[in-house]
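Participant: Input: one structure, supplied below.
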Protein chains: 4
Amino acid sequence: MIRVAVLGAGRIGQIHAANVAANPLAQLVAVVDPIDASARKLADKLGCEASTDAEATIARADVDAVVIGTPSDTHAYLMLLAARAGKAVLCEKPVDNDLAKADAAVAELKALGAKVMMAFNRRFDPSNIELRRAIDAGDIGEVRQVIISSRDPGLPPRDYVAHSGGIFRDMAIHDFDMARFLLGEEPVEVYAKASRVVDPALMEEFDDYDTLMVIMQTASGKQCHINCCREASYGYDQRFEILGAKGMLMNDNLRPSTVRRYNAQETEALPPLLNFFLQRYTDAYRNELDAFLKALDAGTAMPTSPWDGRQALRLAEAAIESVKTGRAVVV
Amino acid sequence: MIRVAVLGAGRIGQIHAANVAANPLAQLVAVVDPIDASARKLADKLGCEASTDAEATIARADVDAVVIGTPSDTHAYLMLLAARAGKAVLCEKPVDNDLAKADAAVAELKALGAKVMMAFNRRFDPSNIELRRAIDAGDIGEVRQVIISSRDPGLPPRDYVAHSGGIFRDMAIHDFDMARFLLGEEPVEVYAKASRVVDPALMEEFDDYDTLMVIMQTASGKQCHINCCREASYGYDQRFEILGAKGMLMNDNLRPSTVRRYNAQETEALPPLLNFFLQRYTDAYRNELDAFLKALDAGTAMPTSPWDGRQALRLAEAAIESVKTGRAVVV
Amino acid sequence: MIRVAVLGAGRIGQIHAANVAANPLAQLVAVVDPIDASARKLADKLGCEASTDAEATIARADVDAVVIGTPSDTHAYLMLLAARAGKAVLCEKPVDNDLAKADAAVAELKALGAKVMMAFNRRFDPSNIELRRAIDAGDIGEVRQVIISSRDPGLPPRDYVAHSGGIFRDMAIHDFDMARFLLGEEPVEVYAKASRVVDPALMEEFDDYDTLMVIMQTASGKQCHINCCREASYGYDQRFEILGAKGMLMNDNLRPSTVRRYNAQETEALPPLLNFFLQRYTDAYRNELDAFLKALDAGTAMPTSPWDGRQALRLAEAAIESVKTGRAVVV
Amino acid sequence: MIRVAVLGAGRIGQIHAANVAANPLAQLVAVVDPIDASARKLADKLGCEASTDAEATIARADVDAVVIGTPSDTHAYLMLLAARAGKAVLCEKPVDNDLAKADAAVAELKALGAKVMMAFNRRFDPSNIELRRAIDAGDIGEVRQVIISSRDPGLPPRDYVAHSGGIFRDMAIHDFDMARFLLGEEPVEVYAKASRVVDPALMEEFDDYDTLMVIMQTASGKQCHINCCREASYGYDQRFEILGAKGMLMNDNLRPSTVRRYNAQETEALPPLLNFFLQRYTDAYRNELDAFLKALDAGTAMPTSPWDGRQALRLAEAAIESVKTGRAVVV
């Protein structure tokens, strides 16, 4: 049994803690949150200890691994702390919102030979796993173009926007990771264009954007397009399309039921999409944790690495630079 | 060039006449209707002669073939008249609404060696052609069950109901023909149950039904279900499903566009179905006439025969008897 | 906390036991199976007691409710035992394979005022819940026709066929229940036709069938068609279609992923369906247990009753009689 | 009756000539092609005159309108010739492959007050008409993002590549026009990235590309992405997706039948797409000609103008410049 502490008792920490508690390979030792009541409430529900002290919990001899679901600016610090203590880590993205700090952390984690996995949950969605499997199996031949459509159901609250690091680092970073996952090659050039059409005033206030489009290309000429919008009236929209030399693959979204409605106004109407990532990626979060624990258990390589986290951030930074300069940025 | 006269200038006669006029193998000689103005209007539009005299038109030396789109009770008479005059015939269903008269007509047509094709238009729909082709190609192995859903967009007018011969002979007869077409074997037993739920008063007045279900079975154990309703709010619904030992085939309906709508209430919503048979089976009517003309031109067998018309009527009669007796009827 | 014992450690008992263990309203006290090793294995995995003695377990003071997943011929006996002891019961279908015994059990359970729920899992599938909700909300107006397609992925083993009670009592009984659930009225007449096309020799040996079609009608004229086949090459096929006066509803099946494949042979191809009921109805089993526990907890009526179990069996019996006589059977 | 001459008897000229011959508003007077045999063959089939002399045909007193389906470098010349002679014109894109010449032609056509329509056939596809209608009706609120996927079934022949003017002017120009049609605003900035992954050697030889991605933005912040590839194994792929403030619209492609295949390998598999534009846009070409004739008949404005042709070309030129410079180009 791998003994696990979960750092952070917010919405993402709650998901991870419940998955740890239910996973046959793991034992949930403690949940940690600076707000005592939050830690306690979650711990009581899942039958483990509660703490407000991340450092002490990481140091516990009966903790083999930590899952980090704390605010972004603590990720690098906590990962390093855990890694230096010889603990395995599953950490939410990003490594850090600052590329230089992220680079430093990645370098030290590598030097330590630490077992660290970045929590890019979408890679573990059953349909996305199948996309990668089908590409690897040669079902569509050489990949030529990847199109990623990624839309949130609605604008985040003002406070969230203020501290998110911006749409590229906060939202599109998942899509940059999926681009790398599906292309199977590193993009070498990034062009991005961003827009304020959902809530121009809010976006201007924080020098942020609510709508964007990206084009990337790899050295061999593979192309990738990403489009993001902070608002989609019909739910959380997450689609991937891969055009290859011999075929094409597309995934579809999930809905609460498969019931189709026919009447005088319409036919084949399905319900709106599952509202947001916690519902949409329920299986993905479970699979992600499972992959982490299985890799630990088997002593194999982590499925994703801090380097993956760094690369996604690097692409986000390049996109931001491209928006500012109107030029494609070489990465 | 095959010289053709079209008998009947109603909605079905108009379709046939326009298709004859546009078909490169045919020349439209005349259209005939007892209402002079109807015949004239259609003839003027298509650039041919108009007549009110079916007998005389059939007898014309410059008429090689006739297309019969007149009321049901004239079909047998006109087919025989044409066949005796050595003319080829494409005739709308049914042979006759009376089985004994239909049998007599079929026997004489056979004895005459007449070139007569029954206009079962659905057999010539591109998707239905593909269903039959895939079955013949062995794509789904031995056929086990056929499910036919067949719904009109709305009740016909009172007058139509009064003279239709009833839902089994008028509407379900197409489905009985499709059952034979898709099963590839003759049903040997028919059970039917009919209901009055759309307009009970109207149906009781004419001892007719607006809703029905049928089960048929062939000697080898293949089964077929038909469901019909005179009203479907979402358009003219025509679906076929064939379960075989190795796979399953389904067709879908047609719509005026392929645009799918997503919003806060729904996703993937398509427009209502094409409203009725004239829109739905535009290609089928054209293909049907083309198959008739090509068979004439090539001297090959008619794609469908009066016997097919008789068999569909026989199944309709058996279904009516089953409704009355509550028993399966052996045919 | 409702203290629960699960009787039967076979595939269905395992599902129920795991759901009890994970449900926040319940505590799994014991699992019971005549095969000691089976009971032990399951108990160890879920952290509860194991027993081979159903009677003693039912009698335990610390057992509030039992879930019965034992062979069919023990259902009535165990339900009555539990009910007499004042325990709540969630029991797999059927009440009994013999209608007279089922009637007697239903009568006694009613007299005892027992809290007994029949485990018709399909009623608790998210899409089927939505079908019922939409009908109740008047989305499609008055129901006119229900079409149920229900196909197993493959023939059960010879031993299972020998003791199943036949395709009508074993397989179609779920569809008879769904017919009642979706019609919202009792069928008053049943016609059925059965066939042997998947494995004629095996079916003849046990006087059973592998393929069937049913038509039922209610007093007000609503109709229902059921088609079943013991084999569908493409997976476990479970579809419901409800035609109403104002619209139509259809559900679709589930698949392991939503990835669609495009290539020179095909477009929009999805993977085969989830293989069988344990995968297909994972959520339904969980929802079903939850509905049982919530009704117990709130003191409200059981969502389904032994009478529902009896009625489904009655329709199955009527269907069998109809197959033998070739006549519709009044129920 | 509008008397029409069709210039060009190639594959596009044949389509236009057949549509003119079948349209009740028009009379086909002549077809013109420098290759006498081509002109004669088409003229004989459609029952009109044949000529090798475009100038003389345009000058005929009994010609009211010309349809131009000749090579690109003759478009401007023939349009001007016809316009100066007071004839109405329906002309295939582009105005000219050279922007300066196109501008000069557009200016003179405007000064002449000529009735000239550019043949952007996709605007007249039933589904694309519905997209525009739904946007105009406010169904999805303000447009935010447009995504256009446009893929040919296979590389054109070497000769075609040599004279096509390149993928941007030849293929993507249709997509640039659709972008303007769907955005409802002029793009003010264009970024494009092109690649050689289908046939690198051939593309290098002609300094052309087989794969491209574009991002455009309007002054109000609306965005548009275009992706093109010269090869798609599954057929001619033409999809449009429009995200608005209140909803989203997508069209789908067309196939030869609606039959879906289910078996042990797949479910819901449809046939490959219609192969190329002549099949895919059959209705669109007919609607386009009809719109031209109706506007002439009613004396209303042409549905599309030389200016539309000029603007699409301008965007293509900007895209080419962007590929060369790696920068977004302001237009």
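By order in the structure tokens, chains are A, B, ...; within a chain, residues start at 1; ligands start at 1, following the order shown.
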Residues of chain A within 6 Å of chain D: nearest atom pair and distance (Å, one decimal) for each, counting only C-alpha atoms, sorted by chain and number, as a Markdown table?
Facilitator:
| residue | atom | partner | partner_atom | distance |
| --- | --- | --- | --- | --- |
| A:Ser195 | CA | D:Gly221 | CA | 5.4 |
| A:Gly221 | CA | D:Ser195 | CA | 5.4 |
| A:Ser233 | CA | D:Lys246 | CA | 5.7 |
| A:Lys246 | CA | D:Ser233 | CA | 5.7 |
| A:Gly247 | CA | D:Ser233 | CA | 5.7 |
| A:Gly326 | CA | D:Ala328 | CA | 5.7 |
| A:Arg327 | CA | D:Arg327 | CA | 4.4 |
| A:Ala328 | CA | D:Gly326 | CA | 5.7 |
Participant: With the cut-off set at 12 Å and counting only C-alpha atoms, tabulate each residue of range 104-181 of chain D with an atom at most that distance from an atom of range 254-264 of chain D, showing the nearest atom pair and its distance in Å to one decimal, ordered by chain and increasing number, as CSV.
Facilitator:
residue,atom,partner,partner_atom,distance
D:Asp125,CA,D:Leu254,CA,11.2
D:Pro126,CA,D:Leu254,CA,11.4
D:Ser127,CA,D:Leu254,CA,10.3
Participant: Limited to C-alpha atoms, could you put the picked residues into a file as a short mmCIF file (atom, residue, chain, number, x, y, z; two decimals), in the first residue's frame?
Facilitator:
data_model
loop_
_atom_site.label_atom_id
_atom_site.label_comp_id
_atom_site.auth_asym_id
_atom_site.auth_seq_id
_atom_site.Cartn_x
_atom_site.Cartn_y
_atom_site.Cartn_z
CA ASP D 125 -25.21 25.19 -50.26
CA PRO D 126 -28.47 24.51 -48.34
CA SER D 127 -26.63 23.99 -45.04
#
Participant: Hey, can you check how far CA of Ala9 in chain B sits from CA of Asp103 in chain B?
Facilitator: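 Result for CA of Ala9 in chain B versus CA of Asp103 in chain B: 27.1 Å, one decimal.
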Participant: Go ahead and compute the interatomic distance for CA of Ile15 in chain A and CA of Val67 in chain A, in Å to one decimal.
Facilitator: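 Interatomic distance here is 10.8 Å.
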Participant: What's around Asn23 in chain C at 9 Å? Count only C-alpha atoms, leave out sequence neighbours fewer than 6 positions away in its own chain, and write the answer as a PDB file with all heavy atoms, in the first residue's frame.
Facilitator:
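To be explicit, this is the file written out as selection20.pdb:
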ATOM      1  N   ARG C 286     -25.759   1.380  -9.136  1.00  0.00           N
ATOM      2  CA  ARG C 286     -25.445   2.300  -8.044  1.00  0.00           C
ATOM      3  C   ARG C 286     -26.662   3.166  -7.702  1.00  0.00           C
ATOM      4  O   ARG C 286     -27.027   3.317  -6.533  1.00  0.00           O
ATOM      5  CB  ARG C 286     -24.238   3.161  -8.424  1.00  0.00           C
ATOM      6  CG  ARG C 286     -23.716   4.017  -7.281  1.00  0.00           C
ATOM      7  CD  ARG C 286     -22.315   4.539  -7.576  1.00  0.00           C
ATOM      8  NE  ARG C 286     -22.250   4.996  -8.967  1.00  0.00           N
ATOM      9  CZ  ARG C 286     -21.242   4.739  -9.807  1.00  0.00           C
ATOM     10  NH1 ARG C 286     -20.200   4.066  -9.406  1.00  0.00           N
ATOM     11  NH2 ARG C 286     -21.270   5.185 -11.038  1.00  0.00           N
ATOM     12  N   LEU C 289     -29.442   1.046  -5.856  1.00  0.00           N
ATOM     13  CA  LEU C 289     -29.193   0.858  -4.423  1.00  0.00           C
ATOM     14  C   LEU C 289     -29.414   2.166  -3.671  1.00  0.00           C
ATOM     15  O   LEU C 289     -29.999   2.180  -2.582  1.00  0.00           O
ATOM     16  CB  LEU C 289     -27.752   0.371  -4.194  1.00  0.00           C
ATOM     17  CG  LEU C 289     -27.448   0.171  -2.709  1.00  0.00           C
ATOM     18  CD1 LEU C 289     -28.065  -1.125  -2.214  1.00  0.00           C
ATOM     19  CD2 LEU C 289     -25.959   0.217  -2.445  1.00  0.00           C
ATOM     20  N   ASP C 290     -28.969   3.242  -4.279  1.00  0.00           N
ATOM     21  CA  ASP C 290     -29.122   4.539  -3.642  1.00  0.00           C
ATOM     22  C   ASP C 290     -30.595   4.887  -3.450  1.00  0.00           C
ATOM     23  O   ASP C 290     -30.992   5.411  -2.396  1.00  0.00           O
ATOM     24  CB  ASP C 290     -28.437   5.598  -4.517  1.00  0.00           C
ATOM     25  CG  ASP C 290     -27.980   6.778  -3.688  1.00  0.00           C
ATOM     26  OD1 ASP C 290     -27.278   6.552  -2.680  1.00  0.00           O
ATOM     27  OD2 ASP C 290     -28.343   7.915  -4.038  1.00  0.00           O
ATOM     28  N   LEU C 293     -31.898   2.832  -0.520  1.00  0.00           N
ATOM     29  CA  LEU C 293     -31.432   3.328   0.787  1.00  0.00           C
ATOM     30  C   LEU C 293     -32.089   4.667   1.131  1.00  0.00           C
ATOM     31  O   LEU C 293     -32.476   4.904   2.272  1.00  0.00           O
ATOM     32  CB  LEU C 293     -29.909   3.456   0.784  1.00  0.00           C
ATOM     33  CG  LEU C 293     -29.146   2.127   0.658  1.00  0.00           C
ATOM     34  CD1 LEU C 293     -27.660   2.379   0.400  1.00  0.00           C
ATOM     35  CD2 LEU C 293     -29.325   1.260   1.910  1.00  0.00           C
TER      36      LEU C 293
END
